[in-house]
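Colleague: To be precise about what I am sending: the file is called data-v2.cif and holds mmCIF, C-alpha atoms.
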```
data_model
loop_
_atom_site.label_atom_id
_atom_site.label_comp_id
_atom_site.auth_asym_id
_atom_site.auth_seq_id
_atom_site.Cartn_x
_atom_site.Cartn_y
_atom_site.Cartn_z
CA MET A 1155 124.13 72.47 -58.49
CA SER A 1156 120.70 71.20 -57.59
CA ASN A 1157 121.89 70.45 -54.08
CA GLN A 1158 122.89 74.07 -53.71
CA LEU A 1159 119.44 75.12 -54.89
CA LEU A 1160 117.89 72.79 -52.36
CA SER A 1161 120.02 74.20 -49.57
CA ALA A 1162 118.97 77.72 -50.47
CA ALA A 1163 115.34 76.71 -50.90
CA VAL A 1164 114.95 75.14 -47.46
CA ASP A 1165 116.28 78.38 -46.03
CA ALA A 1166 113.84 80.43 -48.11
CA ALA A 1167 116.80 82.04 -49.83
CA ALA A 1168 116.07 80.86 -53.38
CA THR A 1169 114.72 83.02 -56.15
CA GLU A 1170 111.60 82.21 -58.17
CA ALA A 1171 113.73 80.87 -60.99
CA GLU A 1172 115.73 78.75 -58.58
CA TRP A 1173 112.55 77.31 -57.16
CA ASP A 1174 111.38 76.39 -60.64
CA ALA A 1175 114.73 74.80 -61.40
CA LEU A 1176 114.70 72.89 -58.14
CA ILE A 1177 111.23 71.48 -58.70
CA GLU A 1178 112.18 70.43 -62.20
CA SER A 1179 115.27 68.70 -60.82
CA VAL A 1180 113.41 66.97 -58.01
CA GLU A 1181 111.03 65.39 -60.47
CA ASN A 1182 113.84 63.51 -62.16
CA ASP A 1183 116.17 63.01 -59.23
CA PRO A 1184 114.96 60.66 -56.48
CA GLU A 1185 118.11 61.29 -54.47
CA LEU A 1186 117.46 65.01 -54.44
CA LYS A 1187 113.91 64.30 -53.32
CA ALA A 1188 115.22 62.11 -50.52
CA GLU A 1189 117.65 64.81 -49.47
CA TRP A 1190 114.78 67.27 -49.26
CA SER A 1191 113.04 64.85 -46.92
CA ARG A 1192 116.13 64.37 -44.80
CA VAL A 1193 116.53 68.09 -44.25
CA TRP A 1194 113.03 68.34 -42.83
CA GLN A 1195 113.40 65.11 -40.90
CA TRP A 1196 116.42 66.55 -39.14
CA ARG A 1197 114.60 69.78 -38.42
CA ASP A 1198 111.62 67.84 -37.12
CA ALA A 1199 113.87 65.76 -34.88
CA ARG A 1200 115.57 68.91 -33.63
CA ASP A 1201 112.13 70.39 -32.81
CA GLY A 1202 111.03 67.25 -30.95
CA VAL A 1203 108.83 65.71 -33.61
CA THR A 1204 109.05 61.96 -33.70
CA LEU A 1205 109.79 60.55 -37.11
CA ALA A 1206 107.06 58.04 -37.74
CA ALA A 1207 106.43 58.18 -41.47
CA GLY A 1208 107.37 55.15 -43.49
CA ASP A 1209 109.13 55.22 -46.81
CA ASP A 1210 105.92 54.58 -48.70
CA PHE A 1211 103.86 57.27 -46.98
CA CYS A 1212 104.51 60.04 -49.45
CA SER A 1213 104.29 57.75 -52.45
CA GLY A 1214 100.89 56.57 -51.20
CA VAL A 1215 99.64 60.12 -50.96
CA MET A 1216 100.92 61.06 -54.37
CA ALA A 1217 99.53 57.92 -55.98
CA ALA A 1218 96.11 58.72 -54.57
CA ILE A 1219 96.36 62.30 -55.79
CA ALA A 1220 97.45 61.19 -59.23
CA ASN A 1221 94.24 59.21 -59.50
CA GLU A 1222 92.15 62.18 -58.51
CA LYS A 1223 90.05 63.86 -61.14
CA PRO A 1224 91.35 67.28 -62.10
CA LEU A 1225 89.96 69.97 -59.87
CA PRO A 1226 87.52 72.29 -61.60
CA SER A 1227 89.24 75.47 -62.60
CA THR A 1228 86.14 77.53 -63.18
CA VAL A 1229 83.45 78.66 -60.82
CA VAL A 1230 79.98 77.39 -61.58
CA THR A 1231 77.55 80.27 -61.47
CA MET A 1232 73.88 79.97 -60.81
CA PRO A 1233 71.55 81.04 -63.63
CA ARG A 1234 70.22 84.51 -63.34
CA ARG A 1235 66.86 84.84 -61.72
CA ALA A 1236 65.54 86.73 -64.68
CA ALA A 1237 66.14 83.72 -66.87
CA THR A 1238 64.29 81.51 -64.40
CA VAL A 1239 61.36 83.86 -64.30
CA ALA A 1240 61.27 84.11 -68.06
CA ALA A 1241 61.23 80.36 -68.37
CA ARG A 1242 58.33 80.00 -65.98
CA PRO A 1243 55.10 79.01 -67.76
CA ALA A 1244 52.32 81.51 -67.93
CA ARG A 1245 49.60 81.39 -65.31
CA SER A 1246 46.87 78.93 -66.03
CA TRP A 1247 43.18 79.67 -65.80
CA ARG A 1248 43.13 77.82 -62.48
CA THR A 1249 45.16 80.62 -61.01
CA LEU A 1250 43.47 83.46 -62.81
CA VAL A 1251 39.93 82.52 -61.78
CA PRO A 1252 40.40 82.90 -58.03
CA LEU A 1253 42.42 86.05 -58.55
CA SER A 1254 39.64 87.55 -60.64
CA ALA A 1255 37.08 86.49 -58.09
CA ALA A 1256 39.01 88.10 -55.29
CA ALA A 1257 39.33 91.32 -57.22
CA GLY A 1258 35.58 91.28 -57.89
CA VAL A 1259 34.81 90.79 -54.22
CA VAL A 1260 36.99 93.70 -53.27
CA ALA A 1261 35.29 95.87 -55.82
CA ALA A 1262 31.84 94.77 -54.65
CA VAL A 1263 32.57 95.47 -51.02
CA LEU A 1264 33.90 98.88 -51.90
CA PHE A 1265 30.79 99.55 -53.95
CA VAL A 1266 28.37 98.36 -51.25
CA GLY A 1267 30.23 100.27 -48.63
CA GLY A 1268 29.98 103.36 -50.75
CA LEU A 1269 26.21 102.96 -51.16
CA ARG A 1270 25.70 102.44 -47.45
CA GLY A 1271 27.90 105.27 -46.54
CA PRO A 1272 27.08 108.17 -44.28
CA ALA A 1273 24.36 109.51 -46.55
CA SER A 1274 22.13 106.44 -46.60
CA ASN A 1275 22.73 104.72 -43.31
CA ASN A 1276 22.27 105.67 -39.73
CA GLY A 1277 22.80 103.54 -36.63
CA SER A 1278 23.82 99.96 -36.92
CA ASP A 1279 23.71 98.85 -40.47
CA LEU A 1280 25.39 95.63 -41.14
CA ALA A 1281 27.29 94.69 -44.18
CA THR A 1282 28.35 91.16 -44.41
CA SER A 1283 30.82 90.06 -46.95
CA GLN A 1284 31.26 86.43 -47.58
CA VAL A 1285 33.82 85.78 -50.15
CA ALA A 1286 34.07 82.59 -52.07
CA SER A 1287 36.00 81.76 -55.14
CA SER A 1288 36.37 78.48 -56.97
CA GLY A 1289 34.60 76.70 -54.17
CA GLN A 1290 37.15 77.84 -51.63
CA MET A 1291 36.34 80.36 -48.95
CA LEU A 1292 38.81 83.15 -49.09
CA ALA A 1293 37.26 85.14 -46.30
CA THR A 1294 34.19 84.62 -44.12
CA THR A 1295 34.61 87.61 -41.94
CA PRO A 1296 31.38 89.40 -41.15
CA VAL A 1297 32.05 93.04 -41.48
CA SER A 1298 30.00 95.39 -39.41
CA PHE A 1299 30.35 99.09 -39.23
CA SER A 1300 28.47 102.08 -38.23
CA SER A 1301 28.32 104.95 -40.57
CA ALA A 1302 28.07 107.26 -37.61
CA GLU A 1303 31.46 106.18 -36.49
CA SER A 1304 32.99 106.27 -39.90
CA GLY A 1305 33.05 110.02 -40.18
CA GLY A 1306 34.02 111.06 -43.64
CA ASP A 1307 35.51 107.73 -44.70
CA ALA A 1308 33.70 105.58 -47.15
CA LEU A 1309 34.43 102.46 -45.04
CA PRO A 1310 35.17 101.92 -41.38
CA ASP A 1311 38.41 100.38 -40.31
CA ASP A 1312 36.92 96.95 -39.72
CA ALA A 1313 35.57 96.80 -43.23
CA LYS A 1314 38.87 97.89 -44.63
CA ALA A 1315 40.55 95.21 -42.56
CA ALA A 1316 38.19 92.60 -43.93
CA ILE A 1317 38.88 93.66 -47.48
CA LEU A 1318 42.56 93.72 -46.86
CA ASN A 1319 42.26 90.33 -45.23
CA ALA A 1320 40.63 88.85 -48.30
CA TYR A 1321 43.18 90.38 -50.58
CA LEU A 1322 46.15 89.24 -48.57
CA MET A 1323 44.75 85.74 -48.23
CA GLU A 1324 44.44 85.45 -51.97
CA HIS A 1325 47.81 87.08 -52.53
CA SER A 1326 49.36 84.68 -50.08
CA ASN A 1327 47.78 81.67 -51.75
CA SER A 1328 49.02 82.90 -55.08
CA LEU A 1329 52.56 83.19 -53.77
CA ALA A 1330 52.37 79.77 -52.20
CA GLU A 1331 51.48 78.23 -55.53
CA ARG A 1332 54.65 79.71 -56.93
CA SER A 1333 56.75 78.63 -53.93
CA MET A 1334 57.56 82.19 -53.07
CA GLY A 1335 56.89 82.16 -49.38
CA GLY A 1336 53.18 82.57 -49.45
CA THR A 1337 52.67 80.30 -46.48
CA LEU A 1338 54.96 82.36 -44.32
CA ALA A 1339 53.31 85.55 -45.40
CA ASN A 1340 49.91 84.10 -44.62
CA ALA A 1341 51.00 82.92 -41.20
CA ARG A 1342 52.48 86.30 -40.46
CA PHE A 1343 49.29 88.00 -41.51
CA ALA A 1344 47.12 85.65 -39.48
CA ALA A 1345 49.23 86.24 -36.40
CA ARG A 1346 49.11 89.95 -36.88
CA THR A 1347 45.36 90.05 -37.19
CA ALA A 1348 44.59 87.55 -34.41
CA ASP A 1349 42.25 88.85 -31.79
CA TYR A 1350 44.60 88.39 -28.89
CA ARG A 1351 44.84 91.85 -27.48
CA PRO A 1352 42.89 92.34 -24.25
CA ASP A 1353 42.46 95.99 -24.96
CA ALA A 1354 40.64 95.15 -28.15
CA GLN A 1355 37.72 93.59 -26.24
CA MET B 691 111.96 78.19 -38.49
CA SER B 692 111.40 74.70 -39.83
CA THR B 693 107.94 75.75 -40.92
CA ASP B 694 109.34 78.75 -42.69
CA PRO B 695 106.31 80.37 -44.30
CA ASP B 696 108.38 81.68 -47.19
CA VAL B 697 109.19 78.14 -48.24
CA ASP B 698 105.52 77.22 -48.02
CA ILE B 699 104.46 80.24 -50.02
CA GLN B 700 106.59 79.15 -52.94
CA LEU B 701 105.34 75.58 -52.88
CA VAL B 702 101.70 76.42 -52.16
CA ALA B 703 101.51 78.82 -55.08
CA ARG B 704 102.77 76.14 -57.43
CA ALA B 705 100.54 73.46 -55.92
CA GLN B 706 97.52 75.73 -56.31
CA ALA B 707 98.41 75.98 -59.98
CA GLY B 708 98.18 72.19 -60.14
CA ASP B 709 101.85 71.29 -59.73
CA GLN B 710 101.83 67.96 -57.92
CA ARG B 711 105.63 68.02 -57.62
CA ALA B 712 105.41 71.09 -55.40
CA PHE B 713 102.69 69.49 -53.34
CA GLU B 714 104.86 66.41 -52.90
CA LEU B 715 107.55 68.57 -51.37
CA LEU B 716 104.96 69.93 -48.95
CA VAL B 717 103.94 66.37 -48.07
CA ARG B 718 107.55 65.43 -47.45
CA LYS B 719 108.02 68.51 -45.35
CA TYR B 720 105.01 68.00 -43.08
CA GLN B 721 104.40 64.26 -43.10
CA HIS B 722 105.94 63.61 -39.70
CA LYS B 723 104.16 66.46 -38.00
CA ILE B 724 100.80 65.39 -39.35
CA ILE B 725 101.33 61.73 -38.53
CA GLN B 726 102.31 62.65 -35.02
CA LEU B 727 99.28 64.89 -34.70
CA VAL B 728 96.71 62.37 -35.84
CA SER B 729 98.37 59.43 -34.09
CA ARG B 730 97.69 61.12 -30.79
CA LEU B 731 94.03 61.31 -31.73
CA VAL B 732 93.33 58.05 -33.51
CA GLY B 733 96.19 55.86 -32.33
CA ASP B 734 99.31 54.65 -34.03
CA GLY B 735 97.59 51.96 -36.07
CA ASP B 736 95.29 54.27 -37.99
CA ALA B 737 97.56 57.30 -38.02
CA PRO B 738 99.23 56.72 -41.41
CA ASP B 739 95.88 56.25 -43.16
CA VAL B 740 94.36 59.29 -41.49
CA ALA B 741 97.46 61.34 -42.26
CA GLN B 742 97.33 60.30 -45.90
CA GLU B 743 93.67 61.26 -46.01
CA THR B 744 94.62 64.61 -44.51
CA PHE B 745 97.03 65.35 -47.33
CA ILE B 746 94.59 64.15 -49.97
CA ARG B 747 91.93 66.46 -48.56
CA ALA B 748 94.43 69.28 -48.49
CA TRP B 749 95.20 68.72 -52.15
CA ARG B 750 91.51 68.78 -53.02
CA ALA B 751 91.05 72.00 -51.06
CA MET B 752 94.27 73.57 -52.23
CA LYS B 753 92.62 76.11 -54.51
CA GLY B 754 90.55 77.32 -51.60
CA PHE B 755 93.52 78.12 -49.41
CA GLN B 756 93.49 81.89 -49.15
CA GLY B 757 96.75 82.34 -47.30
CA ASN B 758 95.04 84.09 -44.42
CA SER B 759 96.88 81.77 -42.07
CA ALA B 760 100.11 79.85 -42.33
CA PHE B 761 99.90 76.79 -44.52
CA TYR B 762 100.69 74.50 -41.63
CA THR B 763 97.93 76.03 -39.53
CA TRP B 764 95.51 75.30 -42.35
CA LEU B 765 96.89 71.78 -42.77
CA TYR B 766 96.75 71.23 -39.03
CA ARG B 767 93.05 72.03 -39.02
CA ILE B 768 92.43 69.58 -41.83
CA GLY B 769 94.32 66.95 -39.86
CA ILE B 770 92.22 67.56 -36.76
CA ASN B 771 88.98 67.41 -38.73
CA THR B 772 90.04 64.28 -40.58
CA ALA B 773 90.87 62.61 -37.27
CA LYS B 774 87.51 63.68 -35.86
CA ASN B 775 85.69 62.20 -38.81
CA HIS B 776 87.68 59.03 -38.46
CA LEU B 777 86.77 58.70 -34.81
CA VAL B 778 83.12 59.37 -35.49
CA SER B 779 83.01 56.86 -38.30
CA ARG B 780 84.51 54.20 -36.11
CA ASN B 781 82.52 55.30 -33.11
CA ARG B 782 85.37 54.94 -30.77
CA ARG B 783 88.05 56.88 -29.03
CA SER B 784 91.74 56.23 -29.10
CA GLY B 785 93.78 54.84 -26.20
CA ASP B 786 93.55 55.46 -22.48
CA LYS B 787 96.01 58.30 -22.58
CA ASP B 788 94.09 59.99 -25.28
CA ILE B 789 93.26 63.62 -24.89
CA ASP B 790 90.07 65.25 -25.98
CA ILE B 791 90.09 66.46 -29.55
CA ALA B 792 89.33 70.00 -28.49
CA ASP B 793 92.19 69.85 -26.03
CA ALA B 794 94.52 68.48 -28.68
CA GLU B 795 94.27 71.73 -30.55
CA LEU B 796 95.51 73.58 -27.50
CA TYR B 797 98.66 71.56 -27.13
CA GLY B 798 101.74 72.33 -29.08
CA HIS B 799 102.67 70.40 -32.12
CA THR B 800 105.36 68.42 -30.40
CA GLU B 801 105.71 67.80 -26.69
CA GLN B 802 102.33 66.48 -25.67
CA LEU B 803 101.74 64.58 -28.84
CA SER B 804 105.12 62.91 -28.88
CA ASP B 805 104.12 60.82 -25.86
CA ASN B 806 102.43 58.43 -28.21
CA ALA B 807 105.55 57.67 -30.22
CA THR B 808 106.92 54.18 -30.35
CA PRO B 809 110.23 53.50 -28.58
CA GLU B 810 111.84 52.81 -31.93
CA ALA B 811 110.74 56.14 -33.33
CA GLN B 812 111.89 57.96 -30.24
CA ALA B 813 115.25 56.20 -30.40
CA LEU B 814 115.67 57.16 -34.04
CA THR B 815 114.85 60.76 -33.26
CA GLU B 816 117.40 60.89 -30.48
CA GLU B 817 120.02 59.23 -32.66
CA ILE B 818 119.50 61.77 -35.39
CA LYS B 819 119.95 64.65 -32.99
CA GLN B 820 123.11 63.05 -31.59
CA LYS B 821 124.66 62.25 -34.97
CA VAL B 822 123.90 65.66 -36.38
CA GLY B 823 125.35 67.31 -33.30
CA GLU B 824 128.52 65.30 -33.71
CA ALA B 825 128.71 66.14 -37.39
CA ILE B 826 128.33 69.85 -36.69
CA ASN B 827 131.08 69.74 -34.09
CA LYS B 828 133.44 68.21 -36.62
CA LEU B 829 132.87 70.96 -39.17
CA PRO B 830 135.47 73.64 -39.85
CA PRO B 831 134.80 76.74 -37.72
CA ASP B 832 133.38 78.90 -40.51
CA LEU B 833 130.97 76.19 -41.65
CA ARG B 834 130.01 75.34 -38.09
CA GLN B 835 129.29 78.95 -37.28
CA ALA B 836 127.22 79.47 -40.42
CA ILE B 837 125.07 76.36 -39.96
CA THR B 838 124.65 77.00 -36.25
CA LEU B 839 123.48 80.54 -36.82
CA ARG B 840 121.09 79.35 -39.46
CA GLU B 841 119.65 76.15 -37.99
CA LEU B 842 119.91 76.71 -34.27
CA GLU B 843 119.67 80.49 -34.00
CA GLY B 844 117.29 80.96 -36.91
CA LEU B 845 119.12 83.85 -38.52
CA SER B 846 118.55 84.79 -42.12
CA TYR B 847 121.36 84.76 -44.68
CA GLU B 848 121.61 88.53 -44.46
CA GLU B 849 121.93 88.44 -40.69
CA ILE B 850 124.53 85.68 -40.87
CA ALA B 851 126.48 87.68 -43.44
CA ASP B 852 126.48 90.65 -41.07
CA ALA B 853 127.49 88.49 -38.12
CA MET B 854 130.29 86.75 -40.00
CA ASN B 855 131.29 89.85 -41.94
CA CYS B 856 131.20 88.12 -45.31
CA PRO B 857 129.09 88.27 -48.47
CA ILE B 858 125.72 86.51 -48.64
CA GLY B 859 127.08 84.29 -51.39
CA THR B 860 129.73 83.05 -49.03
CA VAL B 861 127.15 82.35 -46.37
CA ARG B 862 125.09 80.44 -48.86
CA SER B 863 128.10 78.38 -49.89
CA ARG B 864 129.17 77.64 -46.33
CA ILE B 865 125.71 76.53 -45.29
CA PHE B 866 125.47 74.30 -48.33
CA ARG B 867 128.77 72.60 -47.52
CA ALA B 868 127.83 72.18 -43.88
CA ARG B 869 124.53 70.67 -44.93
CA GLU B 870 126.33 68.21 -47.17
CA ALA B 871 128.37 67.01 -44.22
CA ILE B 872 125.25 66.66 -42.10
CA ASP B 873 123.43 64.78 -44.83
CA PHE B 874 126.37 62.42 -45.05
CA VAL B 875 125.62 61.13 -41.54
CA LEU B 876 121.85 61.36 -41.92
CA LYS B 877 121.57 59.30 -45.06
CA PRO B 878 122.50 55.91 -43.58
CA LEU B 879 120.21 56.58 -40.63
CA LEU B 880 117.13 57.55 -42.57
CA ASP B 881 117.52 55.70 -45.84
CA GLY B 882 119.34 52.67 -44.56
#
```
Take the structure from the file and write it as structure tokens.
Modeller:
Amino acid sequence: MSNQLLSAAVDAAATEAEWDALIESVENDPELKAEWSRVWQWRDARDGVTLAAGDDFCSGVMAAIANEKPLPSTVVTMPRRAATVAARPARSWRTLVPLSAAAGVVAAVLFVGGLRGPASNNGSDLATSQVASSGQMLATTPVSFSSAESGGDALPDDAKAAILNAYLMEHSNSLAERSMGGTLANARFAARTADYRPDAQ
Amino acid sequence: MSTDPDVDIQLVARAQAGDQRAFELLVRKYQHKIIQLVSRLVGDGDAPDVAQETFIRAWRAMKGFQGNSAFYTWLYRIGINTAKNHLVSRNRRSGDKDIDIADAELYGHTEQLSDNATPEAQALTEEIKQKVGEAINKLPPDLRQAITLRELEGLSYEEIADAMNCPIGTVRSRIFRAREAIDFVLKPLLDG
């Protein structure tokens, strides 16, 4: 009976139940297993494949597989980012101090710029903002502007750029400390603001 | 025909569920093809080890087989990659007649690669074809026609039933009896 199942199986004419029965039979019937091999050996020979496998080839493979650890049946999922963020320790004072300093500088520049706005300055007033926090220079860009050119704005574009520069530098450093790509952002910003354009001269 | 995907589908599904018995039937089905493939790349001496490694890797990756290609195509790729890794690890190439690995994938699974077979293996292959041919010729006409249509013409049972104007059950029975007669001459050749 099992030989009939095998004959139907190699022709893909067996049902699911017959396949199950055949596999059960093969497990306990070495002769049936050998017959399965012979069917495919003949077909290989007919198709021009040279029969080179030894008797112990398959047993070697199956012995190695039997010694394998069971394959994991579940997919390992990465922890949610929210959990990672929640587990992150709170910012220390070492981080908060330069952030506070940067915010103060921005506020001061805005304030000074407002005082030296169009009402109180004519010609070439110079406002220089040197920003330092925690002993580290965040921005040393001298900012000059002319109130005559500023029109109705409180600050000229260059001053705004300097303020933005200081903010982005600090923001970038903050991101870098948290390994969130701050270095790349800083490099991108530096490249963008580089004085490389001939028409800017 | 001999790599009938329907046969593979049944066995692969069971192997993916962890049934090593089904995977063993796949190994027995494809062992010669894989050995021949890798022997052309790494040489006869290392071919059995590389072929065994191919099947072990296939077992490990079995759950990842999506069925987007035929099982043998997937196994063939594993065999090529295993042979590549073997060559890299040994920092050498196989014999003078060796073909480039990339070229090997362009050749068929039989003709070009069979050049590397030993004379004994080639003689055995030829003897099998001759003995089976003789056995088929000795079969009663109805059995001979059924097995010829199935094995040499590649017809399905339904097509054979139409051609022979008989029920599918009869076709199935005739092919089984023909196969028994063929196995009778094969057994001393292959198991002896």
Colleague: Which one of B:Leu879, B:Leu842, B:Ala868, B:Val740 sits closest to B:Ala813 if you count all atoms listed in the file?
Modeller: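 Closest to B:Ala813 of all the choices is B:Leu879.
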Colleague: Which residues match the PyMOL selection byres ((chain A) within 10 of (chain B)) in the file above, as a PyMOL selection string?
Modeller: chain A and resi 1157-1170+1173-1174+1176-1178+1180-1181+1187-1209+1211-1220+1222-1227
Colleague: Would you output that residue set with C-alpha atoms, as a compact mmCIF listing (two decimals), keeping the file's coordinate frame?
Modeller:
```
# COMPACT_ATOMS: atom_id res chain seq x y z
CA ASN A 1157 121.89 70.45 -54.08
CA GLN A 1158 122.89 74.07 -53.71
CA LEU A 1159 119.44 75.12 -54.89
CA LEU A 1160 117.89 72.79 -52.36
CA SER A 1161 120.02 74.20 -49.57
CA ALA A 1162 118.97 77.72 -50.47
CA ALA A 1163 115.34 76.71 -50.90
CA VAL A 1164 114.95 75.14 -47.46
CA ASP A 1165 116.28 78.38 -46.03
CA ALA A 1166 113.84 80.43 -48.11
CA ALA A 1167 116.80 82.04 -49.83
CA ALA A 1168 116.07 80.86 -53.38
CA THR A 1169 114.72 83.02 -56.15
CA GLU A 1170 111.60 82.21 -58.17
CA TRP A 1173 112.55 77.31 -57.16
CA ASP A 1174 111.38 76.39 -60.64
CA LEU A 1176 114.70 72.89 -58.14
CA ILE A 1177 111.23 71.48 -58.70
CA GLU A 1178 112.18 70.43 -62.20
CA VAL A 1180 113.41 66.97 -58.01
CA GLU A 1181 111.03 65.39 -60.47
CA LYS A 1187 113.91 64.30 -53.32
CA ALA A 1188 115.22 62.11 -50.52
CA GLU A 1189 117.65 64.81 -49.47
CA TRP A 1190 114.78 67.27 -49.26
CA SER A 1191 113.04 64.85 -46.92
CA ARG A 1192 116.13 64.37 -44.80
CA VAL A 1193 116.53 68.09 -44.25
CA TRP A 1194 113.03 68.34 -42.83
CA GLN A 1195 113.40 65.11 -40.90
CA TRP A 1196 116.42 66.55 -39.14
CA ARG A 1197 114.60 69.78 -38.42
CA ASP A 1198 111.62 67.84 -37.12
CA ALA A 1199 113.87 65.76 -34.88
CA ARG A 1200 115.57 68.91 -33.63
CA ASP A 1201 112.13 70.39 -32.81
CA GLY A 1202 111.03 67.25 -30.95
CA VAL A 1203 108.83 65.71 -33.61
CA THR A 1204 109.05 61.96 -33.70
CA LEU A 1205 109.79 60.55 -37.11
CA ALA A 1206 107.06 58.04 -37.74
CA ALA A 1207 106.43 58.18 -41.47
CA GLY A 1208 107.37 55.15 -43.49
CA ASP A 1209 109.13 55.22 -46.81
CA PHE A 1211 103.86 57.27 -46.98
CA CYS A 1212 104.51 60.04 -49.45
CA SER A 1213 104.29 57.75 -52.45
CA GLY A 1214 100.89 56.57 -51.20
CA VAL A 1215 99.64 60.12 -50.96
CA MET A 1216 100.92 61.06 -54.37
CA ALA A 1217 99.53 57.92 -55.98
CA ALA A 1218 96.11 58.72 -54.57
CA ILE A 1219 96.36 62.30 -55.79
CA ALA A 1220 97.45 61.19 -59.23
CA GLU A 1222 92.15 62.18 -58.51
CA LYS A 1223 90.05 63.86 -61.14
CA PRO A 1224 91.35 67.28 -62.10
CA LEU A 1225 89.96 69.97 -59.87
CA PRO A 1226 87.52 72.29 -61.60
CA SER A 1227 89.24 75.47 -62.60
```
Colleague: Let me know the centre plus edge lengths, in Å and rounded to one decimal, of a box with edges along x, y and z that contains all listed atoms of stretch 1189-1202 of chain A and is padded by 8 Å on every side, as lines of an AutoDock Vina configuration file.
Modeller:
```
center_x = 114.3
center_y = 67.4
center_z = -40.2
size_x = 22.6
size_y = 22.0
size_z = 34.5
```
Colleague: What's the separation between atom CA of B:Ser759 and atom CA of B:Ala705, in Å to one decimal place?
Modeller: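 Separating atom CA of B:Ser759 from atom CA of B:Ala705 is a distance of 16.6 Å.
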Colleague: Can you pull out the residues contacting stretch 831-838 of chain B? Cut-off 7 Å, using all atoms listed in the file, and skip same-chain residues under 5 positions away; I want them as a PyMOL selection string.
Modeller: chain B and resi 826+843+850+861+864-865+868
Colleague: Just to confirm, what's the straight-line distance from atom CA of B:Phe755 to atom CA of A:Asn1182 in Å (one decimal)?
Modeller: 28.1 Å
Colleague: Just how far from atom CA of B:Arg780 is atom CA of B:Leu731, in Å to one decimal?
Modeller: 12.7 Å
